[in-house]
Structures are given as C-alpha cells and as structure tokens.
$ cat structure.cif   # mmCIF, C-alpha atoms and all ligand atoms
data_run
loop_
_atom_site.label_atom_id
_atom_site.label_comp_id
_atom_site.auth_asym_id
_atom_site.auth_seq_id
_atom_site.Cartn_x
_atom_site.Cartn_y
_atom_site.Cartn_z
CA MET A 1 4.32 17.81 -14.24
CA GLY A 2 1.72 17.17 -11.55
CA GLU A 3 1.91 18.12 -7.90
CA LYS A 4 4.64 16.25 -6.04
CA LEU A 5 3.32 14.16 -3.14
CA LEU A 6 6.19 12.00 -1.94
CA GLU A 7 9.90 12.34 -2.42
CA ILE A 8 12.41 9.70 -1.34
CA LYS A 9 16.01 10.85 -1.48
CA ASP A 10 19.06 8.59 -1.25
CA LEU A 11 17.34 6.00 0.92
CA VAL A 12 19.58 3.33 2.41
CA VAL A 13 18.29 0.52 4.63
CA ARG A 14 20.73 -1.96 6.12
CA PHE A 15 19.95 -4.96 8.23
CA SER A 16 22.89 -6.69 9.85
CA GLY A 17 25.00 -7.50 6.82
CA VAL A 18 22.23 -7.00 4.22
CA THR A 19 21.69 -3.79 2.28
CA ALA A 20 17.98 -4.09 1.53
CA VAL A 21 17.70 -0.64 -0.06
CA ASP A 22 20.71 0.97 -1.67
CA ARG A 23 20.61 4.74 -2.42
CA LEU A 24 17.12 4.76 -3.79
CA SER A 25 15.53 8.03 -4.90
CA LEU A 26 12.09 8.39 -6.41
CA SER A 27 9.16 10.73 -6.37
CA LEU A 28 5.40 10.30 -6.70
CA GLU A 29 2.86 12.81 -7.93
CA LYS A 30 -0.60 13.37 -6.54
CA GLY A 31 -3.43 11.29 -7.97
CA ARG A 32 -1.41 8.79 -9.98
CA ALA A 33 -1.13 5.00 -9.86
CA TYR A 34 2.40 3.63 -9.57
CA GLY A 35 3.83 0.14 -9.61
CA LEU A 36 6.85 -1.02 -7.64
CA ILE A 37 8.18 -4.27 -9.04
CA GLY A 38 11.25 -6.47 -8.74
CA THR A 39 12.17 -10.04 -7.98
CA ASN A 40 11.90 -11.57 -4.48
CA GLY A 41 14.15 -9.80 -2.03
CA ALA A 42 14.62 -6.74 -4.26
CA GLY A 43 13.69 -4.41 -1.39
CA LYS A 44 10.12 -3.44 -2.32
CA SER A 45 8.44 -4.14 1.03
CA THR A 46 11.32 -2.47 2.82
CA VAL A 47 10.63 0.75 0.88
CA VAL A 48 6.97 0.58 1.90
CA ASN A 49 7.93 -0.18 5.51
CA ILE A 50 10.06 2.96 5.58
CA VAL A 51 7.53 5.26 3.91
CA SER A 52 4.78 4.05 6.29
CA GLY A 53 6.97 4.43 9.39
CA ASN A 54 7.10 0.72 10.22
CA LEU A 55 10.88 0.73 9.89
CA ARG A 56 13.65 3.31 10.29
CA ALA A 57 15.96 4.26 7.45
CA THR A 58 19.72 3.90 7.87
CA GLU A 59 20.28 6.94 5.63
CA GLY A 60 18.24 9.23 3.41
CA ARG A 61 15.31 11.61 3.65
CA ILE A 62 11.62 11.35 2.87
CA ALA A 63 9.27 14.27 2.27
CA TYR A 64 5.48 14.10 2.08
CA GLN A 65 3.50 17.07 0.81
CA GLY A 66 6.69 19.09 1.02
CA ASN A 67 7.34 18.28 4.72
CA ASP A 68 10.20 16.15 6.01
CA ILE A 69 8.70 12.97 7.50
CA THR A 70 11.95 11.03 7.96
CA GLY A 71 11.80 8.96 11.16
CA LYS A 72 8.14 9.67 11.93
CA LYS A 73 6.20 6.81 13.47
CA ALA A 74 3.49 4.79 11.71
CA HIS A 75 0.60 6.32 13.67
CA GLU A 76 1.81 9.87 12.94
CA LEU A 77 2.07 9.05 9.24
CA ALA A 78 -1.37 7.41 9.23
CA ARG A 79 -2.78 10.66 10.57
CA LEU A 80 -1.01 12.54 7.79
CA GLY A 81 -2.74 10.27 5.27
CA ILE A 82 -0.20 7.54 4.52
CA ALA A 83 -1.96 4.16 4.64
CA ARG A 84 -0.57 0.74 3.83
CA THR A 85 -1.53 -2.89 3.59
CA PHE A 86 0.85 -5.62 4.70
CA GLN A 87 2.21 -8.45 2.60
CA ASN A 88 1.25 -10.63 5.57
CA LEU A 89 -2.13 -9.52 6.88
CA ARG A 90 -2.41 -7.56 10.12
CA LEU A 91 -5.95 -7.05 11.40
CA PHE A 92 -7.54 -6.75 14.85
CA HIS A 93 -8.73 -10.32 14.69
CA SER A 94 -10.99 -10.38 17.72
CA ASP A 95 -12.73 -7.12 16.76
CA THR A 96 -15.63 -7.14 14.33
CA VAL A 97 -15.25 -6.31 10.65
CA LEU A 98 -17.01 -2.97 11.22
CA GLY A 99 -14.99 -2.32 14.38
CA ASN A 100 -11.75 -2.66 12.42
CA VAL A 101 -12.81 0.08 10.02
CA VAL A 102 -14.36 2.35 12.67
CA THR A 103 -11.11 2.28 14.67
CA ALA A 104 -9.15 3.39 11.62
CA ARG A 105 -11.66 6.10 10.79
CA GLN A 106 -11.44 7.47 14.34
CA ILE A 107 -7.72 8.01 13.74
CA ALA A 108 -8.50 10.18 10.71
CA HIS A 109 -11.34 11.98 12.52
CA PRO A 110 -10.34 12.10 16.19
CA TYR A 111 -12.92 13.13 18.77
CA SER A 112 -12.34 15.99 21.11
CA LEU A 113 -11.77 14.32 24.47
CA LEU A 114 -14.15 16.73 26.17
CA HIS A 115 -17.00 15.98 23.76
CA ALA A 116 -16.30 12.26 24.14
CA LEU A 117 -16.31 12.44 27.96
CA LEU A 118 -19.55 14.37 27.98
CA ALA A 119 -21.02 12.15 25.22
CA SER A 120 -22.25 15.44 23.79
CA PRO A 121 -24.72 15.53 20.84
CA LYS A 122 -21.82 16.60 18.62
CA PHE A 123 -19.81 13.55 19.70
CA ARG A 124 -22.74 11.20 19.15
CA ALA A 125 -23.43 12.66 15.72
CA GLN A 126 -19.80 12.23 14.73
CA GLU A 127 -19.80 8.66 16.04
CA ARG A 128 -22.89 7.90 13.94
CA ARG A 129 -21.30 9.46 10.88
CA ILE A 130 -18.11 7.45 11.34
CA ARG A 131 -20.11 4.20 11.54
CA GLU A 132 -22.09 5.08 8.41
CA GLU A 133 -18.97 6.01 6.46
CA SER A 134 -17.27 2.80 7.64
CA ARG A 135 -20.26 0.75 6.47
CA GLU A 136 -20.10 2.44 3.08
CA LEU A 137 -16.42 1.48 2.76
CA LEU A 138 -17.27 -2.14 3.58
CA ARG A 139 -19.96 -2.07 0.88
CA GLN A 140 -17.46 -0.67 -1.63
CA LEU A 141 -15.15 -3.58 -0.83
CA LYS A 142 -18.12 -5.98 -1.09
CA ILE A 143 -17.94 -7.24 2.48
CA GLY A 144 -20.77 -5.07 3.84
CA GLU A 145 -22.93 -8.03 4.84
CA LEU A 146 -20.13 -9.36 7.07
CA GLU A 147 -19.84 -6.28 9.30
CA GLN A 148 -20.83 -7.92 12.59
CA LEU A 149 -18.53 -10.95 12.26
CA PRO A 150 -15.17 -11.14 14.01
CA ALA A 151 -12.44 -10.27 11.51
CA ALA A 152 -10.77 -13.62 12.24
CA SER A 153 -13.78 -15.53 10.90
CA LEU A 154 -13.51 -14.05 7.40
CA ALA A 155 -12.13 -16.02 4.49
CA TYR A 156 -8.64 -15.02 3.50
CA GLY A 157 -9.69 -12.97 0.45
CA GLN A 158 -12.28 -11.14 2.53
CA GLN A 159 -9.63 -10.30 5.15
CA ARG A 160 -7.51 -8.79 2.38
CA ARG A 161 -10.51 -6.66 1.39
CA LEU A 162 -11.04 -5.61 5.00
CA GLU A 163 -7.44 -4.48 5.23
CA ILE A 164 -7.98 -2.21 2.22
CA ALA A 165 -11.24 -0.84 3.67
CA ARG A 166 -9.33 -0.03 6.84
CA CYS A 167 -6.71 1.85 4.85
CA LEU A 168 -9.37 3.82 2.95
CA ALA A 169 -10.98 4.76 6.26
CA LEU A 170 -7.95 6.99 6.84
CA ASP A 171 -8.88 9.02 3.73
CA PRO A 172 -5.31 8.47 2.57
CA GLY A 173 -3.46 10.78 0.26
CA LEU A 174 -1.05 7.91 -0.33
CA LEU A 175 -2.13 4.26 -0.36
CA LEU A 176 0.65 1.69 -0.32
CA LEU A 177 -0.53 -1.76 -1.38
CA ASP A 178 1.97 -4.53 -0.73
CA GLU A 179 0.81 -7.49 -2.83
CA PRO A 180 -2.88 -6.96 -1.99
CA ALA A 181 -3.96 -10.02 -3.96
CA ALA A 182 -1.25 -12.37 -2.62
CA GLY A 183 -2.65 -15.79 -1.85
CA MET A 184 -5.90 -15.21 -3.74
CA ASN A 185 -6.98 -17.36 -6.66
CA PRO A 186 -6.82 -15.71 -10.12
CA ALA A 187 -10.56 -14.89 -10.25
CA GLU A 188 -10.53 -13.32 -6.76
CA SER A 189 -7.39 -11.42 -7.59
CA ARG A 190 -8.83 -10.02 -10.86
CA GLN A 191 -12.02 -8.97 -9.08
CA LEU A 192 -10.07 -7.22 -6.32
CA VAL A 193 -7.98 -5.27 -8.82
CA GLU A 194 -11.16 -4.18 -10.65
CA ASP A 195 -12.64 -3.01 -7.36
CA ILE A 196 -9.49 -1.05 -6.51
CA GLN A 197 -9.66 0.55 -9.98
CA ARG A 198 -13.25 1.61 -9.36
CA ILE A 199 -12.45 3.03 -5.92
CA ARG A 200 -9.55 4.91 -7.44
CA LYS A 201 -11.84 6.66 -9.90
CA GLU A 202 -13.94 7.86 -6.97
CA ARG A 203 -10.85 9.28 -5.24
CA PRO A 204 -8.95 11.05 -8.00
CA ASP A 205 -6.57 12.80 -5.57
CA MET A 206 -5.35 9.58 -3.97
CA THR A 207 -1.94 8.30 -5.05
CA ILE A 208 -1.40 4.54 -5.09
CA LEU A 209 1.85 2.63 -5.00
CA LEU A 210 1.20 -1.00 -5.83
CA ILE A 211 3.66 -3.83 -5.25
CA GLU A 212 2.59 -6.70 -7.46
CA HIS A 213 4.21 -9.70 -9.11
CA ASP A 214 1.51 -10.24 -11.73
CA MET A 215 2.70 -8.16 -14.68
CA LYS A 216 -0.72 -8.21 -16.36
CA VAL A 217 -2.10 -6.42 -13.31
CA VAL A 218 0.81 -3.97 -13.24
CA ARG A 219 0.35 -3.14 -16.92
CA SER A 220 -3.37 -2.55 -16.62
CA PHE A 221 -3.34 -0.70 -13.30
CA CYS A 222 -0.18 1.39 -13.19
CA GLU A 223 0.55 4.57 -15.13
CA TYR A 224 4.20 4.53 -14.11
CA VAL A 225 6.46 1.76 -12.86
CA PHE A 226 9.58 1.64 -10.69
CA VAL A 227 11.78 -1.42 -10.93
CA MET A 228 14.10 -2.54 -8.12
CA SER A 229 16.86 -5.10 -8.16
CA GLN A 230 19.08 -5.90 -5.20
CA GLY A 231 18.00 -2.78 -3.35
CA LYS A 232 18.61 -0.42 -6.25
CA LEU A 233 16.19 1.39 -8.50
CA ILE A 234 17.28 0.10 -11.90
CA GLU A 235 14.55 1.49 -14.14
CA GLU A 236 11.45 3.66 -14.17
CA GLY A 237 8.94 4.67 -16.80
CA GLY A 238 5.61 3.79 -18.37
CA PRO A 239 4.39 0.18 -17.99
CA GLU A 240 5.87 -0.71 -21.37
CA ILE A 241 9.32 -0.86 -19.72
CA ILE A 242 8.32 -4.25 -18.32
CA THR A 243 8.77 -5.73 -21.78
CA THR A 244 11.05 -3.22 -23.47
CA SER A 245 13.77 -2.38 -20.95
CA LYS A 246 16.89 -4.52 -21.24
CA ARG A 247 17.75 -3.76 -17.61
CA VAL A 248 14.35 -4.99 -16.43
CA ILE A 249 14.47 -8.11 -18.56
CA SER A 250 17.93 -9.05 -17.40
CA ALA A 251 17.12 -8.35 -13.73
CA TYR A 252 14.24 -10.79 -13.91
CA MET A 253 15.49 -13.40 -16.29
CA GLY A 254 18.92 -12.72 -17.55
CA GLY A 255 17.45 -12.30 -21.04
CA GLU A 256 13.91 -13.66 -21.31
CA SER A 257 11.12 -11.07 -21.16
CA VAL A 258 9.16 -10.81 -17.91
CA ALA A 259 5.80 -11.13 -19.64
CA ALA A 260 6.92 -14.15 -21.65
CA SER A 261 8.22 -15.88 -18.54
CA GLN A 262 4.93 -15.27 -16.73
CA GLU A 263 2.90 -16.52 -19.67
CA SER A 264 4.99 -19.68 -19.96
CA ALA A 265 4.59 -20.21 -16.20
CA CYS A 266 0.75 -20.13 -16.51
N1 LIG A 301 13.62 -7.31 9.20
C1 LIG A 301 14.58 -7.77 8.41
N2 LIG A 301 15.73 -8.25 8.94
C2 LIG A 301 16.75 -8.70 8.13
N3 LIG A 301 16.68 -8.71 6.78
C3 LIG A 301 15.55 -8.26 6.22
C4 LIG A 301 14.45 -7.78 6.99
N4 LIG A 301 13.46 -7.36 6.13
C5 LIG A 301 13.93 -7.61 4.90
N5 LIG A 301 15.17 -8.14 4.94
C6 LIG A 301 16.00 -8.50 3.78
O1 LIG A 301 16.06 -7.35 2.94
C7 LIG A 301 15.98 -7.74 1.57
C8 LIG A 301 14.78 -7.06 0.93
O2 LIG A 301 13.59 -7.61 1.48
P1 LIG A 301 12.13 -7.13 1.07
O3 LIG A 301 11.19 -7.86 1.95
O4 LIG A 301 12.08 -5.66 1.08
O5 LIG A 301 12.03 -7.65 -0.43
P2 LIG A 301 10.79 -7.66 -1.42
O6 LIG A 301 11.22 -7.00 -2.67
O7 LIG A 301 9.58 -7.14 -0.75
O8 LIG A 301 10.61 -9.22 -1.73
P3 LIG A 301 9.29 -10.12 -1.95
O9 LIG A 301 8.88 -9.91 -3.39
O10 LIG A 301 9.76 -11.50 -1.70
O11 LIG A 301 8.24 -9.68 -0.98
C9 LIG A 301 15.92 -9.26 1.56
O12 LIG A 301 17.22 -9.73 1.40
C10 LIG A 301 15.39 -9.59 2.93
O13 LIG A 301 15.81 -10.87 3.34
MG MG A 302 7.77 -7.92 -0.20
#

$ encode --input "structure.cif" --output "structure tokens"
Amino acid sequence: MGEKLLEIKDLVVRFSGVTAVDRLSLSLEKGRAYGLIGTNGAGKSTVVNIVSGNLRATEGRIAYQGNDITGKKAHELARLGIARTFQNLRLFHSDTVLGNVVTARQIAHPYSLLHALLASPKFRAQERRIREESRELLRQLKIGELEQLPAASLAYGQQRRLEIARCLALDPGLLLLDEPAAGMNPAESRQLVEDIQRIRKERPDMTILLIEHDMKVVRSFCEYVFVMSQGKLIEEGGPEIITTSKRVISAYMGGESVAASQESAC
C-alpha cells in the first residue's frame, strides 16, 4: 500500500430533488493515476467539484494528506495543492496566456506583502523566477510561443492546454482533470494525453484523477479506475474492469461491453 493522499468518506450531494452523489467512499494514494468513469449524469463532475471546493457536500467527510478539508473553499484547497480543470473551460480571458499561469503560480508561492510593497530585490528575484517557471510550463504544454496573446484568442485546444498549465503552476499534489480533451479532435486529444503522460513522469509524486469518456485513453493512462452509476460507486479496480466487470458493462449498456460499444460507435 502506498501513502494515502485523499480519502472521501460517505459523500452525499443533493441538489433539489436530485441525489448526484450517493454515499460514495474512495481513497487515492500518492503518485498514482486514477480514472473516474461513468455514463452522463453519473456524478463524476460533482465529485470533483466537491474535492476542489467548488461545491459543498450535503453529507460526508473528505481528508487530504490526513487533514480534514470538508467545506474548505476552492482557493484554500488550491493553496494546499488541489488543482482542477473544468469540463467547461474557465480562464481569465482578457489576461495574457503567461499572465494566466503567473497568477496561479503566485498563489502557490505568495509574496510577503512587505517585500512586494518595497519592491525589494528578494521580491523582484521571486517575480522573475515565477515568470521563468511559468514560461517553462507553457513550453511543456506546447503553447510557449503564444505567451503574450490574450487567453481568449487561443484556439479551443490551446485553451485546454493553458488550463492544465495553470493547474500545474500550483505544484499540485492532486490534479483533477475533468474531461481535459473534451471537444478536441481525435489527433489533438491523443497528443494531449501523451503530453500529460510525459508531464506525469516528471512529477512522480503528483496524483491524477482523470474523468474521461474515451475508454482507450482510460486504459492506457490509468492504473486504477473508479466507476460511478447514478451517484454510486459501483466498481473499482485495475483498468481491465472496464471490459470484465458485469456491473460496469450493465451500467453502460445493459449487457454490451463498453469497449465494444465505443469501437462500434467509431
Ligand atoms: N448545480 C446543479 N444543480 C442541479 N443539479 C445538478 C447540478 N450539478 C449536477 N447536477 C445533476 O447531478 C447529476 C450528476 O451530474 P454530474 O455533472 O456530476 O455528472 P457527470 O457524471 O459529470 O456527467 P457528464 O459525463 O455528463 O459530465 C446529474 O443528474 C446532474 O443533472
Ligand atoms: Mg461531468
């Protein structure tokens, strides 16, 4: 057993009349790559919204690095190292590409107010370092040459990459990716997943939870998979459960295997 990073215990999330998450418990270990899958409306994004502090749980507890984080706000959790992308992009559109990443990095490495007010050499050196590190992240996501453009002017796939760079700027211990390749064409999507794989190798301590509908991606990227259906965790295990678990198959198809259905849909 590895070191436990996140523990969700008996999580319930209700919206008026809808139980989006229904007594879900799961735990993540440090440095591993997890998948969270399930059909539309299963509750996947809601789980991520709770863990990242973008939504409040109705019931249940969440611990991160052994500390109770239930009810903490998104900015507090970002500072603790929980970063997330959104299924529907959220960037500072009028800011530049570089500015988007620098702002995130300043959250992870806050200035002392006094040094900032005095514009001391220490402050200026830190500011320079933050810009350099932010540039490096943009290069890793292959959008380095776009740093001076307004975020809004980027193509959709590039905006998705910027969102990930912004997450990485927080030096996250936990990176939550909610359909990071949604809306991309297959080639763009494959390239993005390869780039995330490469970045992951450079950050062996970072844990990733990936929400993804493409089962080929899930099988190649994730070491362990959680499956939700109607708010409940119905299965967990190695990626082979996607094709071998009766519960998973019936949740998706009522019989047909998930992989077969995806292949026939291609
Ligand atoms: N803010 C909200 N207000 C009311 N109902 C919501 C809200 N957010 C989610 N829901 C409902 O909760 C359920 C779970 O939604 P969620 O977005 O978590 O599903 P999902 O697994 O991410 O689906 P998808 O694969 O389509 O993104 C759905 O029935 C959804 O309509
Ligand atoms: Mg979702």

$ residues_around --input "structure.cif" --residues "A:Val18" --least-positions-apart "2" --cutoff "12 Å" --atoms "all atoms listed in the file" --output "PyMOL selection string"
chain A and resi 12-16+20-22+41-43+46+58+230-231

$ residues_near_point --input "structure.cif" --point "(-14.3, 3.5, 10.7)" --cutoff "10 Å" --atoms "only C-alpha atoms" --output "PyMOL selection string"
chain A and resi 97-109+127+129-138+165-170

$ residues_around --input "structure.cif" --residues "A:His213" --least-positions-apart "6" --cutoff "9 Å" --atoms "all atoms listed in the file" --output "list in words"
Ile37, Gly38, Thr39, Glu179 and Ala182 of chain A

$ atom_distance --input "structure.cif" --atom1 "atom CA of A:Arg247" --atom2 "atom CA of A:Lys4"
26.6 Å

$ closest_residue --input "structure.cif" --among "A:Gly53, A:Leu210, A:Phe226, A:Gly173" --to "A:Gln197" --atoms "all atoms listed in the file"
A:Leu210

$ atom_distance --input "structure.cif" --atom1 "atom CA of A:Gln140" --atom2 "atom CA of A:Pro204"
15.8 Å

$ build_atoms --input "structure.cif" --residues "stretch 48-65 of chain A" --atoms "N, CA and C atoms" --output "PDB file, keeping the file's coordinate frame"
ATOM      1  N   VAL A  48       8.296   0.281   1.339  1.00  0.00           N
ATOM      2  CA  VAL A  48       6.970   0.580   1.900  1.00  0.00           C
ATOM      3  C   VAL A  48       7.039   0.669   3.429  1.00  0.00           C
ATOM      4  N   ASN A  49       7.794  -0.219   4.041  1.00  0.00           N
ATOM      5  CA  ASN A  49       7.930  -0.180   5.510  1.00  0.00           C
ATOM      6  C   ASN A  49       8.541   1.131   5.987  1.00  0.00           C
ATOM      7  N   ILE A  50       9.435   1.679   5.211  1.00  0.00           N
ATOM      8  CA  ILE A  50      10.060   2.960   5.580  1.00  0.00           C
ATOM      9  C   ILE A  50       9.066   4.109   5.392  1.00  0.00           C
ATOM     10  N   VAL A  51       8.428   4.136   4.218  1.00  0.00           N
ATOM     11  CA  VAL A  51       7.530   5.260   3.910  1.00  0.00           C
ATOM     12  C   VAL A  51       6.350   5.287   4.899  1.00  0.00           C
ATOM     13  N   SER A  52       5.923   4.107   5.367  1.00  0.00           N
ATOM     14  CA  SER A  52       4.780   4.050   6.290  1.00  0.00           C
ATOM     15  C   SER A  52       5.205   4.156   7.752  1.00  0.00           C
ATOM     16  N   GLY A  53       6.500   4.259   8.009  1.00  0.00           N
ATOM     17  CA  GLY A  53       6.970   4.430   9.390  1.00  0.00           C
ATOM     18  C   GLY A  53       7.044   3.142  10.180  1.00  0.00           C
ATOM     19  N   ASN A  54       6.991   1.994   9.518  1.00  0.00           N
ATOM     20  CA  ASN A  54       7.100   0.720  10.220  1.00  0.00           C
ATOM     21  C   ASN A  54       8.556   0.284  10.399  1.00  0.00           C
ATOM     22  N   LEU A  55       9.450   1.051   9.817  1.00  0.00           N
ATOM     23  CA  LEU A  55      10.880   0.730   9.890  1.00  0.00           C
ATOM     24  C   LEU A  55      11.645   2.048   9.772  1.00  0.00           C
ATOM     25  N   ARG A  56      12.853   2.074  10.367  1.00  0.00           N
ATOM     26  CA  ARG A  56      13.650   3.310  10.290  1.00  0.00           C
ATOM     27  C   ARG A  56      14.730   3.178   9.226  1.00  0.00           C
ATOM     28  N   ALA A  57      14.927   4.257   8.489  1.00  0.00           N
ATOM     29  CA  ALA A  57      15.960   4.260   7.450  1.00  0.00           C
ATOM     30  C   ALA A  57      17.347   4.343   8.087  1.00  0.00           C
ATOM     31  N   THR A  58      18.331   3.743   7.432  1.00  0.00           N
ATOM     32  CA  THR A  58      19.720   3.900   7.870  1.00  0.00           C
ATOM     33  C   THR A  58      20.231   5.267   7.425  1.00  0.00           C
ATOM     34  N   GLU A  59      19.913   5.623   6.184  1.00  0.00           N
ATOM     35  CA  GLU A  59      20.280   6.940   5.630  1.00  0.00           C
ATOM     36  C   GLU A  59      19.169   7.399   4.712  1.00  0.00           C
ATOM     37  N   GLY A  60      19.177   8.687   4.405  1.00  0.00           N
ATOM     38  CA  GLY A  60      18.240   9.230   3.410  1.00  0.00           C
ATOM     39  C   GLY A  60      17.125  10.035   4.042  1.00  0.00           C
ATOM     40  N   ARG A  61      16.387  10.734   3.184  1.00  0.00           N
ATOM     41  CA  ARG A  61      15.310  11.610   3.650  1.00  0.00           C
ATOM     42  C   ARG A  61      14.031  11.284   2.875  1.00  0.00           C
ATOM     43  N   ILE A  62      12.914  11.518   3.543  1.00  0.00           N
ATOM     44  CA  ILE A  62      11.620  11.350   2.870  1.00  0.00           C
ATOM     45  C   ILE A  62      10.762  12.584   3.155  1.00  0.00           C
ATOM     46  N   ALA A  63      10.173  13.125   2.102  1.00  0.00           N
ATOM     47  CA  ALA A  63       9.270  14.270   2.270  1.00  0.00           C
ATOM     48  C   ALA A  63       7.893  13.888   1.742  1.00  0.00           C
ATOM     49  N   TYR A  64       6.872  14.327   2.484  1.00  0.00           N
ATOM     50  CA  TYR A  64       5.480  14.100   2.080  1.00  0.00           C
ATOM     51  C   TYR A  64       4.774  15.438   2.078  1.00  0.00           C
ATOM     52  N   GLN A  65       4.149  15.772   0.981  1.00  0.00           N
ATOM     53  CA  GLN A  65       3.500  17.070   0.810  1.00  0.00           C
ATOM     54  C   GLN A  65       4.438  18.214   1.173  1.00  0.00           C
TER      55      GLN A  65
END
